[in-house]
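Q: Structure file upload.txt (compact mmCIF, C-alpha atoms) is given on the next line.
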# COMPACT_ATOMS: atom_id res chain seq x y z
CA MET G 1 -31.39 -29.36 3.61
CA PHE G 2 -28.75 -31.27 1.64
CA ALA G 3 -28.88 -29.64 -1.78
CA ASP G 4 -25.92 -27.43 -0.91
CA VAL G 5 -23.98 -29.92 1.25
CA GLY G 6 -20.87 -31.38 -0.36
CA THR G 7 -19.69 -34.95 0.03
CA ASP G 8 -16.99 -34.09 2.58
CA GLU G 9 -19.44 -32.12 4.73
CA LEU G 10 -22.03 -34.90 4.54
CA ARG G 11 -19.40 -37.41 5.58
CA ARG G 12 -18.38 -35.19 8.53
CA ARG G 13 -21.96 -34.79 9.70
CA LEU G 14 -22.58 -38.51 9.54
CA ALA G 15 -19.29 -39.32 11.30
CA ALA G 16 -20.39 -37.09 14.17
CA ILE G 17 -23.59 -39.03 14.84
CA LEU G 18 -22.89 -42.64 13.89
CA GLN G 19 -21.80 -45.19 16.47
CA PRO G 20 -20.40 -48.72 16.78
CA ALA G 21 -22.79 -51.58 16.11
CA GLY G 22 -24.88 -53.00 18.91
CA GLY G 23 -25.00 -49.93 21.12
CA GLU G 24 -28.18 -47.98 21.84
CA LEU G 25 -31.55 -49.64 21.22
CA ILE G 26 -34.59 -47.84 19.84
CA GLY G 27 -37.70 -49.04 18.08
CA ASP G 28 -41.42 -48.90 17.48
CA ASP G 29 -42.92 -47.04 20.44
CA VAL G 30 -39.61 -46.79 22.19
CA ALA G 31 -40.82 -45.78 25.65
CA GLY G 32 -40.28 -48.16 28.54
CA SER G 33 -41.15 -51.82 28.11
CA ALA G 34 -42.31 -51.35 24.52
CA HIS G 35 -38.77 -52.33 23.48
CA LEU G 36 -39.62 -55.85 24.58
CA ALA G 37 -43.05 -56.02 22.96
CA GLY G 38 -41.69 -56.76 19.50
CA ALA G 39 -39.57 -59.66 20.63
CA ALA G 40 -42.47 -61.12 22.58
CA VAL G 41 -44.55 -61.37 19.40
CA ARG G 42 -42.28 -64.16 18.13
CA ALA G 43 -42.57 -67.66 19.56
CA GLY G 44 -40.05 -68.10 22.31
CA GLY G 45 -39.75 -64.37 22.89
CA ALA G 46 -36.37 -63.95 21.15
CA ALA G 47 -35.79 -61.09 18.71
CA ILE G 48 -34.42 -62.08 15.30
CA ALA G 49 -31.10 -60.38 14.48
CA ALA G 50 -31.00 -58.58 11.13
CA SER G 51 -29.09 -55.82 9.36
CA VAL G 52 -30.03 -53.36 6.66
CA LEU G 53 -27.92 -51.13 4.44
CA VAL G 54 -28.87 -47.45 4.60
CA PRO G 55 -27.43 -46.46 1.21
CA ILE G 56 -26.92 -42.75 0.58
CA VAL G 57 -26.15 -42.29 -3.11
CA LEU G 58 -23.79 -39.44 -3.94
CA ARG G 59 -25.83 -38.08 -6.85
CA GLN G 60 -25.37 -34.61 -8.28
CA PRO G 61 -26.58 -32.03 -7.55
CA ALA G 62 -27.95 -33.62 -4.34
CA PRO G 63 -27.70 -37.02 -2.63
CA THR G 64 -30.48 -39.60 -2.66
CA LEU G 65 -31.50 -42.56 -0.53
CA LEU G 66 -31.80 -45.95 -2.21
CA LEU G 67 -34.81 -48.09 -1.26
CA THR G 68 -36.56 -51.23 -2.44
CA ARG G 69 -40.15 -52.42 -2.62
CA ARG G 70 -40.46 -55.97 -1.36
CA SER G 71 -42.25 -58.62 -3.43
CA GLU G 72 -45.87 -59.23 -2.50
CA HIS G 73 -45.53 -62.96 -1.87
CA LEU G 74 -42.88 -62.70 0.88
CA ARG G 75 -43.83 -63.90 4.35
CA ASP G 76 -42.25 -60.96 6.20
CA HIS G 77 -43.38 -57.43 5.28
CA PRO G 78 -44.71 -58.16 1.77
CA GLY G 79 -44.98 -55.15 -0.53
CA GLN G 80 -43.40 -52.77 1.96
CA ILE G 81 -40.73 -50.18 1.21
CA SER G 82 -37.48 -51.22 2.84
CA PHE G 83 -33.72 -50.92 2.85
CA PRO G 84 -31.71 -53.78 1.34
CA GLY G 85 -31.04 -56.25 4.13
CA GLY G 86 -32.19 -59.28 6.02
CA ARG G 87 -31.57 -61.80 8.76
CA VAL G 88 -28.12 -62.53 10.12
CA GLU G 89 -26.82 -65.84 8.79
CA PRO G 90 -24.20 -68.11 10.43
CA CYS G 91 -21.70 -67.16 7.71
CA ASP G 92 -21.87 -63.45 8.57
CA THR G 93 -18.93 -61.99 10.46
CA SER G 94 -20.48 -58.62 11.39
CA PRO G 95 -23.64 -56.51 10.93
CA ALA G 96 -21.94 -54.75 8.01
CA HIS G 97 -21.20 -58.11 6.41
CA THR G 98 -24.86 -59.09 6.71
CA ALA G 99 -26.05 -55.84 5.14
CA LEU G 100 -23.55 -55.98 2.27
CA ARG G 101 -24.25 -59.67 1.59
CA GLU G 102 -27.98 -59.06 1.51
CA ALA G 103 -27.57 -55.98 -0.72
CA THR G 104 -25.55 -58.06 -3.18
CA GLU G 105 -28.16 -60.83 -3.16
CA GLU G 106 -31.22 -58.57 -3.34
CA ILE G 107 -30.16 -55.77 -5.69
CA GLY G 108 -26.81 -56.90 -7.15
CA LEU G 109 -24.87 -54.09 -5.47
CA ASP G 110 -21.09 -54.44 -5.81
CA ALA G 111 -19.42 -53.73 -2.46
CA ALA G 112 -16.66 -51.87 -4.33
CA HIS G 113 -19.08 -48.94 -4.65
CA VAL G 114 -19.92 -48.92 -0.93
CA GLU G 115 -18.21 -46.92 1.83
CA VAL G 116 -19.52 -48.05 5.23
CA LEU G 117 -19.47 -45.09 7.63
CA GLY G 118 -20.98 -46.52 10.80
CA PHE G 119 -24.21 -47.53 12.47
CA LEU G 120 -27.45 -46.13 13.80
CA PRO G 121 -28.92 -47.61 17.00
CA ASP G 122 -30.40 -51.09 16.67
CA TYR G 123 -34.10 -50.89 15.84
CA LEU G 124 -36.52 -53.31 17.51
CA THR G 125 -39.75 -53.85 15.59
CA VAL G 126 -43.13 -54.94 16.88
CA THR G 127 -42.81 -58.00 14.63
CA GLY G 128 -39.77 -59.24 16.53
CA PHE G 129 -36.72 -58.15 14.53
CA ARG G 130 -33.70 -56.40 16.03
CA ILE G 131 -32.27 -54.53 13.05
CA THR G 132 -28.81 -52.95 12.84
CA PRO G 133 -28.86 -50.05 10.33
CA VAL G 134 -25.53 -49.82 8.47
CA VAL G 135 -25.09 -46.33 7.02
CA ALA G 136 -23.02 -46.14 3.84
CA LEU G 137 -22.19 -43.88 0.92
CA LEU G 138 -22.59 -45.21 -2.62
CA THR G 139 -20.53 -43.70 -5.40
CA PRO G 140 -22.05 -43.80 -8.91
CA PRO G 141 -21.96 -45.10 -11.51
CA PHE G 142 -23.00 -48.61 -10.49
CA LYS G 143 -25.27 -51.29 -11.90
CA LEU G 144 -28.08 -52.93 -9.97
CA ALA G 145 -30.12 -56.05 -10.68
CA ALA G 146 -33.13 -56.88 -8.52
CA ASP G 147 -33.67 -60.44 -7.32
CA ALA G 148 -37.16 -60.97 -8.74
CA PHE G 149 -38.12 -63.31 -5.90
CA GLU G 150 -37.43 -60.80 -3.12
CA VAL G 151 -37.49 -57.34 -4.73
CA ALA G 152 -40.26 -55.90 -6.88
CA GLU G 153 -38.61 -52.51 -7.45
CA ILE G 154 -35.46 -50.48 -6.74
CA PHE G 155 -35.78 -46.70 -6.56
CA GLU G 156 -34.19 -43.58 -5.06
CA VAL G 157 -35.73 -40.69 -3.15
CA PRO G 158 -34.21 -37.26 -2.49
CA LEU G 159 -32.31 -37.47 0.80
CA GLY G 160 -33.34 -33.94 1.71
CA PHE G 161 -37.03 -34.81 1.33
CA VAL G 162 -37.06 -37.90 3.53
CA LEU G 163 -34.92 -36.23 6.22
CA ASP G 164 -37.16 -33.15 6.40
CA PRO G 165 -39.28 -33.44 9.59
CA ASN G 166 -42.10 -31.59 7.80
CA ASN G 167 -42.56 -34.71 5.67
CA HIS G 168 -42.74 -37.12 8.61
CA GLN G 169 -46.06 -38.48 9.84
CA ARG G 170 -47.11 -40.44 12.93
CA HIS G 171 -50.06 -42.85 12.82
CA ALA G 172 -51.78 -45.10 15.35
CA TYR G 173 -51.92 -48.88 14.95
CA THR G 174 -53.31 -51.95 16.71
CA LEU G 175 -51.47 -55.26 16.22
CA ARG G 176 -52.33 -58.50 17.96
CA GLY G 177 -53.98 -56.71 20.82
CA ARG G 178 -51.25 -54.07 21.20
CA SER G 179 -51.74 -50.43 20.30
CA GLY G 180 -49.08 -47.88 19.44
CA HIS G 181 -47.80 -45.55 16.75
CA TYR G 182 -45.65 -45.87 13.65
CA ARG G 183 -43.86 -43.41 11.38
CA ALA G 184 -44.64 -42.76 7.72
CA ILE G 185 -43.03 -40.67 4.98
CA PRO G 186 -45.18 -40.47 1.83
CA TRP G 187 -43.28 -39.63 -1.36
CA GLY G 188 -45.14 -39.57 -4.66
CA ASP G 189 -46.77 -42.95 -5.18
CA TYR G 190 -44.69 -44.52 -2.41
CA ASN G 191 -45.55 -44.76 1.27
CA ILE G 192 -42.43 -45.36 3.35
CA TRP G 193 -43.62 -46.54 6.75
CA GLY G 194 -42.90 -48.77 9.71
CA ALA G 195 -39.33 -49.61 10.69
CA THR G 196 -37.83 -48.11 7.52
CA ALA G 197 -39.50 -44.76 8.19
CA GLY G 198 -38.59 -45.04 11.86
CA MET G 199 -34.90 -45.43 11.04
CA ILE G 200 -35.03 -42.52 8.59
CA CYS G 201 -36.72 -40.32 11.21
CA ASP G 202 -34.05 -41.29 13.74
CA LEU G 203 -31.31 -40.36 11.25
CA SER G 204 -33.07 -37.04 10.63
CA THR G 205 -33.25 -36.24 14.34
CA ARG G 206 -29.59 -37.03 14.89
CA LEU G 207 -28.48 -35.02 11.86
CA ALA G 208 -30.46 -31.98 13.01
CA ASP G 209 -27.69 -31.00 15.43
CA ALA G 210 -24.90 -32.64 13.44
CA PRO G 211 -23.17 -29.32 12.58
CA VAL G 212 -22.59 -28.75 16.31
CA LYS G 213 -21.43 -32.32 16.87
CA ALA G 214 -19.28 -32.20 13.75
CA ALA G 215 -17.49 -29.12 15.05
CA ALA G 216 -16.84 -30.86 18.37
CA HIS G 217 -15.71 -33.99 16.55
CA ALA G 218 -13.26 -31.96 14.47
CA ALA G 219 -11.94 -30.32 17.63
CA GLY G 220 -11.36 -33.69 19.26
CA LYS G 221 -14.05 -33.23 21.91
CA PRO G 222 -16.38 -36.06 22.98
Could you spell out this file's structure in structure tokens?

A:
Amino acid sequence: MFADVGTDELRRRLAAILQPAGGELIGDDVAGSAHLAGAAVRAGGAAIAASVLVPIVLRQPAPTLLLTRRSEHLRDHPGQISFPGGRVEPCDTSPAHTALREATEEIGLDAAHVEVLGFLPDYLTVTGFRITPVVALLTPPFKLAADAFEVAEIFEVPLGFVLDPNNHQRHAYTLRGRSGHYRAIPWGDYNIWGATAGMICDLSTRLADAPVKAAAHAAGKP
């Protein structure tokens, strides 16, 4: 899917589908009132604002997606596969600032290697987080250093594999009396699931018709 797509074409396709921060809202079981279910899980009913970096690494001959495995002792989502990111702090000036700050803290990523392209829709989880996915290109070479407290592992997966709908799964869950479905993308010994898989599946769906949107974008059409 992306083995023969150059950097300029990838950038054009992404530019055609990405949007400003804080626009459309999607999430776990997106139909109807399920958007509100995640926020209601938290005391007080308010969703916790967060941002993640969706880092596409411009490897040759094909791009990859950089992911982390969270440490097992963490309170939120221990051991899960995730994008670098975290909660919005008072010092943050934008969703991109949150994602870049967290990526620096968690994996030692130097922002000089990062080209922020735009945003996917905010993703509301059943655990009460409203996450802004910040899509960016990473240009190698770069050095990473995992924060041992938060990150157990840093790894990359082929972008073409995780964006291929044939590799996407949908499973049922029951959480605190609520039932629904979640996405999963197994890859080797890793099981990418939950919000991370949901955001990847959303990116895949939007990129599926990106060549058409990219042509309209280049022609100056809405």

Q: Would you please work out which residue, of G:Arg183, G:Pro61, G:Thr196, G:Asp209, is nearest to Gly85 in chain G when using only C-alpha atoms?

A: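 Of G:Arg183, G:Pro61, G:Thr196, G:Asp209, the one nearest Gly85 in chain G, counting only C-alpha atoms, is G:Thr196.
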
Q: For Thr174 in chain G, which of G:Pro141, G:Glu156, G:Leu67, G:Val126 is the closest residue, counting only C-alpha atoms?

A: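 Checking each of G:Pro141, G:Glu156, G:Leu67, G:Val126 against Thr174 in chain G, counting only C-alpha atoms, the winner is G:Val126.
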
Q: How many Å lie between CA of Phe83 in chain G and CA of Tyr123 in chain G, rounded to one decimal?

A: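 Going from CA of Phe83 in chain G over to CA of Tyr123 in chain G covers 13.0 Å.
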
Q: Need the shell around Gln169 in chain G: protein/DNA/RNA residues with any atom at most 9 Å away, counting all atoms listed in the file. Skip same-chain ones fewer than 2 positions apart. Format as a ChimeraX atom specification?

A: /G:165-167,171,182-186,193

Q: Can you work out which one of G:Ile17, G:Ala208, G:Ala103, G:Leu10 has the shortest atom-to-atom distance to Gly118 in chain G, counting only C-alpha atoms?

A: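 So, comparing all the options, the nearest one is G:Ile17.
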
Q: Could you check which residues have any atom within 12 Å of (-30.2, -64.9, -4.2), counting all atoms listed in the file with coordinates taken straight from the file, and then list them as an MDAnalysis selection string?

A: chainID G and resid 86 101:108 145:151

Q: To one decimal place, how far is CA of Ile48 in chain G from CA of Ser71 in chain G in Å?

A: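 Going from CA of Ile48 in chain G over to CA of Ser71 in chain G covers 20.6 Å.
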
Q: Any idea what the distance is between CA of Leu18 in chain G and CA of Gln60 in chain G?

A: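 Going from CA of Leu18 in chain G over to CA of Gln60 in chain G, I get 23.7 Å.
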
Q: Please provide the set of residues having any atom within 12 Å of Leu58 in chain G, restricted to all atoms listed in the file, with same-chain residues fewer than 6 positions apart removed, written as a PyMOL selection string.

A: chain G and resi 2-3+5-8+10-11+64-66+113-115+136-142+156+158-159

Q: Could you give me, as a PyMOL selection string, the residues within 12 Å of Ser94 in chain G, counting all atoms listed in the file and dropping anything in the same chain fewer than 3 positions from it?

A: chain G and resi 20-22+49-52+87-91+97-101+119+132+134

Q: Of the residues G:Leu53, G:Arg170, G:Asp189, G:Leu207, which is the one nearest to Glu9 in chain G, using only C-alpha atoms?

A: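 Under the stated criterion, the closest residue is G:Leu207.
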
Q: For Lys143 in chain G, which residue among G:Ile131, G:Ala111, G:Ile192, G:Val116 is the nearest when counting only C-alpha atoms?

A: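 Smallest separation from Lys143 in chain G among the options: G:Ala111.
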
Q: Looking at G:Leu124, G:Leu117, G:Ala96, G:Val162, which one is nearest to Arg13 in chain G, with distances taken over all atoms listed in the file?

A: G:Leu117
